[in-house]
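Asker: So here's final08.pdb, just PDB, C-alpha atoms, pLDDT in the B column:
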```pdb
ATOM      1  CA  ILE A  21      87.172 108.784  92.831  1.00 73.00           C
ATOM      2  CA  GLN A  22      88.215 112.234  93.975  1.00 77.00           C
ATOM      3  CA  SER A  23      84.672 113.570  94.225  1.00 83.00           C
ATOM      4  CA  MET A  24      82.989 110.313  95.297  1.00 87.00           C
ATOM      5  CA  ASP A  25      81.706 109.760  98.814  1.00 90.00           C
ATOM      6  CA  SER A  26      82.861 106.752 100.850  1.00 89.00           C
ATOM      7  CA  ILE A  27      79.896 104.501 100.065  1.00 91.00           C
ATOM      8  CA  ASN A  28      80.362 104.985  96.310  1.00 92.00           C
ATOM      9  CA  VAL A  29      84.102 104.310  96.527  1.00 92.00           C
ATOM     10  CA  LEU A  30      83.359 101.038  98.360  1.00 93.00           C
ATOM     11  CA  SER A  31      80.705 100.178  95.755  1.00 94.00           C
ATOM     12  CA  LEU A  32      83.192 100.820  92.953  1.00 93.00           C
ATOM     13  CA  ILE A  33      85.717  98.461  94.552  1.00 94.00           C
ATOM     14  CA  ASP A  34      82.997  95.819  94.929  1.00 95.00           C
ATOM     15  CA  LEU A  35      82.124  96.298  91.250  1.00 95.00           C
ATOM     16  CA  PHE A  36      85.785  95.798  90.265  1.00 93.00           C
ATOM     17  CA  ARG A  37      86.035  92.670  92.412  1.00 94.00           C
ATOM     18  CA  ASN A  38      82.770  91.188  91.110  1.00 94.00           C
ATOM     19  CA  PHE A  39      83.696  91.941  87.498  1.00 93.00           C
ATOM     20  CA  SER A  40      87.022  90.188  87.908  1.00 91.00           C
ATOM     21  CA  VAL A  41      85.541  87.114  89.600  1.00 92.00           C
ATOM     22  CA  ARG A  42      82.470  86.755  87.399  1.00 95.00           C
ATOM     23  CA  PHE A  43      84.167  87.234  84.046  1.00 95.00           C
ATOM     24  CA  GLY A  44      87.628  85.946  84.960  1.00 91.00           C
ATOM     25  CA  LYS A  45      89.221  89.181  83.799  1.00 91.00           C
ATOM     26  CA  GLN A  46      92.228  91.073  85.021  1.00 91.00           C
ATOM     27  CA  LEU A  47      91.959  94.745  85.976  1.00 92.00           C
ATOM     28  CA  ILE A  48      94.756  97.267  85.954  1.00 93.00           C
ATOM     29  CA  ILE A  49      94.094 100.269  88.158  1.00 92.00           C
ATOM     30  CA  SER A  50      96.351 103.275  88.564  1.00 90.00           C
ATOM     31  CA  THR A  51      95.813 105.819  91.331  1.00 89.00           C
ATOM     32  CA  HIS A  52      97.575 108.613  93.180  1.00 86.00           C
ATOM     33  CA  ASP A  53      95.177 108.313  96.124  1.00 88.00           C
ATOM     34  CA  GLU A  54      96.920 106.402  98.925  1.00 87.00           C
ATOM     35  CA  ASN A  55      93.664 105.855 100.839  1.00 89.00           C
ATOM     36  CA  PHE A  56      92.058 104.248  97.783  1.00 91.00           C
ATOM     37  CA  HIS A  57      95.171 102.125  97.277  1.00 92.00           C
ATOM     38  CA  GLU A  58      95.040 100.858 100.878  1.00 92.00           C
ATOM     39  CA  LEU A  59      91.295 100.230 100.633  1.00 93.00           C
ATOM     40  CA  LEU A  60      91.811  98.192  97.454  1.00 93.00           C
ATOM     41  CA  LYS A  61      94.371  96.044  99.267  1.00 93.00           C
ATOM     42  CA  LYS A  62      91.896  95.386 102.091  1.00 93.00           C
ATOM     43  CA  LYS A  63      88.869  94.681  99.885  1.00 94.00           C
ATOM     44  CA  ILE A  64      90.782  92.708  97.218  1.00 93.00           C
ATOM     45  CA  PRO A  65      93.463  90.893  99.232  1.00 92.00           C
ATOM     46  CA  PRO A  66      96.359  89.413  97.236  1.00 91.00           C
ATOM     47  CA  ASN A  67      96.230  86.039  98.996  1.00 90.00           C
ATOM     48  CA  ILE A  68      92.607  85.439  97.931  1.00 89.00           C
ATOM     49  CA  PHE A  69      92.336  87.149  94.534  1.00 88.00           C
ATOM     50  CA  LYS A  70      95.903  86.768  93.243  1.00 88.00           C
ATOM     51  CA  ALA A  71      96.121  90.556  93.198  1.00 91.00           C
ATOM     52  CA  LYS A  72      99.411  92.386  92.926  1.00 91.00           C
ATOM     53  CA  TYR A  73      99.966  95.895  94.244  1.00 91.00           C
ATOM     54  CA  LEU A  74     102.882  98.045  93.168  1.00 86.00           C
ATOM     55  CA  SER A  75     104.129 101.467  94.230  1.00 83.00           C
ATOM     56  CA  LEU A  76     106.627 103.755  92.598  1.00 77.00           C
ATOM     57  CA  ALA A  77     109.473 104.496  94.996  1.00 73.00           C
ATOM     58  CA  SER A  78     110.700 107.213  92.654  1.00 71.00           C
ATOM     59  CA  PHE A  79     110.564 107.858  88.943  1.00 70.00           C
ATOM     60  CA  GLY A  80     110.934 104.518  87.178  1.00 67.00           C
ATOM     61  CA  LYS A  81     111.608 102.445  90.321  1.00 73.00           C
ATOM     62  CA  VAL A  82     108.831  99.962  91.142  1.00 73.00           C
ATOM     63  CA  VAL A  83     108.460  98.537  94.638  1.00 75.00           C
ATOM     64  CA  GLU A  84     106.008  95.722  95.378  1.00 74.00           C
ATOM     65  CA  ASP A  85     103.778  96.579  98.342  1.00 73.00           C
ATOM     66  CA  PRO A  86     104.067  94.292 101.351  1.00 66.00           C
ATOM     67  CA  VAL A  87     100.874  92.397 102.095  1.00 58.00           C
TER
END
```
Output the file's structure as structure tokens, nothing else.
Answerer:
Amino acid sequence: IQSMDSINVLSLIDLFRNFSVRFGKQLIISTHDENFHELLKKKIPPNIFKAKYLSLASFGKVVEDPV
């Protein structure tokens, strides 16, 4: 997503969401981009899609993101 413009990033998130809903599949996404991470949480909210968002506090320490 590094070289994608905003509209294509939003379209990619919509594609992920639609794929998950339509086919009943789980997606695992890893990113270093905090903006993308926050956008995912807004466009695929945990309370509606049963999504789970995790962050690494430091090497090997996982912290669940607050909703």
Asker: Would you mind listing what lies within 12 Å of region 21-29 of chain A as a ChimeraX atom specification, with all atoms listed in the file counted and same-chain residues fewer than 4 positions away left out?
Answerer: /A:33-36,49-57,59-60,63
Asker: When you draw a straight line from CA of Lys72 (chain A) to CA of Arg42 (chain A), how long is it in Å?
Answerer: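 So the two atoms, CA of Lys72 (chain A) and CA of Arg42 (chain A), lie 18.7 Å apart.
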Asker: Suppose you want the space between CA of Tyr73 (chain A) and CA of Lys61 (chain A); what is it in Å?
Answerer: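 Between CA of Tyr73 (chain A) and CA of Lys61 (chain A) the gap is 7.5 Å.
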Asker: Draw an axis-aligned box over all listed atoms of region 54-60 of chain A, pad each side with 4 Å, and write its centre and edge lengths in Å, one decimal, as JSON.
Answerer:
```
{"center_x": 94.1, "center_y": 102.3, "center_z": 99.1, "size_x": 13.6, "size_y": 16.2, "size_z": 11.6}
```
Asker: Taking (106.9, 97.4, 98.9) as a centre in this file's frame and 10 Å as the limit, can you find every polymer residue with an atom that close, using all atoms listed in the file, and give them as a list in words?
Answerer: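 Within the cut-off we find Tyr73, Leu74, Ser75, Leu76, Ala77, Val82, Val83, Glu84, Asp85, Pro86 and Val87 of chain A.
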Asker: May I have the residues within 12 Å of Asn38 (chain A) as a ChimeraX atom specification, using only C-alpha atoms and disregarding those fewer than 5 positions away in the same chain?
Answerer: /A:31-33,43-47,63-64,69
Asker: Can I get all heavy atoms for region 70-86 of chain A, as a tab-separated table (two decimals), in the first residue's frame?
Answerer:
```
chain	number	residue	atom	x	y	z
A	70	LYS	N	-16.55	-8.98	13.76
A	70	LYS	CA	-15.79	-9.90	14.61
A	70	LYS	C	-14.30	-9.84	14.30
A	70	LYS	O	-13.61	-10.84	14.33
A	70	LYS	CB	-16.32	-11.33	14.49
A	70	LYS	CG	-17.74	-11.50	14.95
A	70	LYS	CD	-18.18	-12.94	14.84
A	70	LYS	CE	-19.63	-13.08	15.25
A	70	LYS	NZ	-20.12	-14.43	15.07
A	71	ALA	N	-13.83	-8.65	13.98
A	71	ALA	CA	-12.42	-8.45	13.67
A	71	ALA	C	-11.62	-8.30	14.96
A	71	ALA	O	-12.15	-7.91	15.99
A	71	ALA	CB	-12.24	-7.21	12.80
A	72	LYS	N	-10.36	-8.64	14.88
A	72	LYS	CA	-9.47	-8.49	16.03
A	72	LYS	C	-8.21	-7.79	15.53
A	72	LYS	O	-7.64	-8.16	14.51
A	72	LYS	CB	-9.12	-9.86	16.60
A	72	LYS	CG	-8.33	-9.80	17.87
A	72	LYS	CD	-8.12	-11.18	18.44
A	72	LYS	CE	-8.65	-11.17	19.84
A	72	LYS	NZ	-8.40	-12.43	20.51
A	73	TYR	N	-7.81	-6.76	16.24
A	73	TYR	CA	-6.64	-5.99	15.87
A	73	TYR	C	-5.60	-6.08	16.98
A	73	TYR	O	-5.91	-5.85	18.14
A	73	TYR	CB	-7.02	-4.52	15.62
A	73	TYR	CG	-7.96	-4.39	14.45
A	73	TYR	CD1	-9.34	-4.36	14.63
A	73	TYR	CD2	-7.46	-4.33	13.16
A	73	TYR	CE1	-10.19	-4.26	13.54
A	73	TYR	CE2	-8.30	-4.22	12.07
A	73	TYR	CZ	-9.67	-4.19	12.27
A	73	TYR	OH	-10.51	-4.10	11.20
A	74	LEU	N	-4.39	-6.41	16.60
A	74	LEU	CA	-3.30	-6.56	17.56
A	74	LEU	C	-2.15	-5.65	17.19
A	74	LEU	O	-1.93	-5.35	16.02
A	74	LEU	CB	-2.80	-8.01	17.57
A	74	LEU	CG	-3.83	-9.09	17.86
A	74	LEU	CD1	-3.21	-10.46	17.67
A	74	LEU	CD2	-4.38	-8.94	19.26
A	75	SER	N	-1.41	-5.22	18.19
A	75	SER	CA	-0.19	-4.43	17.98
A	75	SER	C	0.91	-5.06	18.79
A	75	SER	O	0.66	-5.66	19.83
A	75	SER	CB	-0.40	-2.99	18.46
A	75	SER	OG	-1.38	-2.35	17.72
A	76	LEU	N	2.12	-4.91	18.32
A	76	LEU	CA	3.27	-5.38	19.08
A	76	LEU	C	3.79	-4.23	19.93
A	76	LEU	O	4.16	-3.18	19.42
A	76	LEU	CB	4.38	-5.89	18.16
A	76	LEU	CG	4.07	-7.18	17.40
A	76	LEU	CD1	5.24	-7.52	16.48
A	76	LEU	CD2	3.80	-8.32	18.36
A	77	ALA	N	3.76	-4.40	21.24
A	77	ALA	CA	4.26	-3.39	22.15
A	77	ALA	C	5.78	-3.32	22.07
A	77	ALA	O	6.38	-2.26	22.07
A	77	ALA	CB	3.82	-3.68	23.57
A	78	SER	N	6.40	-4.47	21.99
A	78	SER	CA	7.83	-4.60	21.76
A	78	SER	C	8.04	-6.01	21.22
A	78	SER	O	7.09	-6.76	21.05
A	78	SER	CB	8.62	-4.38	23.05
A	78	SER	OG	8.32	-5.40	23.98
A	79	PHE	N	9.24	-6.37	20.95
A	79	PHE	CA	9.51	-7.66	20.35
A	79	PHE	C	8.88	-8.80	21.15
A	79	PHE	O	9.21	-8.99	22.33
A	79	PHE	CB	11.02	-7.90	20.21
A	79	PHE	CG	11.36	-9.17	19.51
A	79	PHE	CD1	11.24	-9.26	18.14
A	79	PHE	CD2	11.77	-10.27	20.23
A	79	PHE	CE1	11.55	-10.45	17.48
A	79	PHE	CE2	12.07	-11.47	19.59
A	79	PHE	CZ	11.96	-11.54	18.21
A	80	GLY	N	7.94	-9.50	20.53
A	80	GLY	CA	7.32	-10.66	21.16
A	80	GLY	C	6.20	-10.36	22.12
A	80	GLY	O	5.61	-11.29	22.68
A	81	LYS	N	5.86	-9.10	22.39
A	81	LYS	CA	4.79	-8.77	23.32
A	81	LYS	C	3.59	-8.21	22.54
A	81	LYS	O	3.68	-7.13	21.98
A	81	LYS	CB	5.25	-7.75	24.35
A	81	LYS	CG	6.32	-8.29	25.29
A	81	LYS	CD	6.69	-7.29	26.34
A	81	LYS	CE	7.78	-7.87	27.23
A	81	LYS	NZ	8.18	-6.93	28.27
A	82	VAL	N	2.50	-8.97	22.51
A	82	VAL	CA	1.31	-8.58	21.78
A	82	VAL	C	0.35	-7.84	22.70
A	82	VAL	O	0.10	-8.25	23.82
A	82	VAL	CB	0.61	-9.83	21.19
A	82	VAL	CG1	-0.67	-9.42	20.47
A	82	VAL	CG2	1.54	-10.56	20.24
A	83	VAL	N	-0.20	-6.74	22.19
A	83	VAL	CA	-1.18	-5.94	22.91
A	83	VAL	C	-2.40	-5.80	22.01
A	83	VAL	O	-2.28	-5.39	20.86
A	83	VAL	CB	-0.62	-4.54	23.24
A	83	VAL	CG1	-1.68	-3.69	23.92
A	83	VAL	CG2	0.62	-4.65	24.09
A	84	GLU	N	-3.58	-6.16	22.52
A	84	GLU	CA	-4.80	-6.01	21.74
A	84	GLU	C	-5.17	-4.54	21.71
A	84	GLU	O	-5.19	-3.86	22.73
A	84	GLU	CB	-5.93	-6.84	22.34
A	84	GLU	CG	-7.14	-6.90	21.43
A	84	GLU	CD	-8.13	-7.96	21.87
A	84	GLU	OE1	-7.78	-8.81	22.70
A	84	GLU	OE2	-9.26	-7.89	21.39
A	85	ASP	N	-5.50	-4.03	20.50
A	85	ASP	CA	-5.86	-2.63	20.34
A	85	ASP	C	-7.22	-2.38	20.97
A	85	ASP	O	-8.13	-3.17	20.80
A	85	ASP	CB	-5.94	-2.25	18.86
A	85	ASP	CG	-4.57	-2.10	18.24
A	85	ASP	OD1	-3.58	-2.08	18.98
A	85	ASP	OD2	-4.50	-1.98	17.01
A	86	PRO	N	-7.36	-1.25	21.67
A	86	PRO	CA	-8.68	-0.89	22.18
A	86	PRO	C	-9.58	-0.50	21.02
A	86	PRO	O	-9.11	0.01	20.01
A	86	PRO	CB	-8.41	0.31	23.09
A	86	PRO	CG	-7.11	0.85	22.62
A	86	PRO	CD	-6.35	-0.29	22.02
```
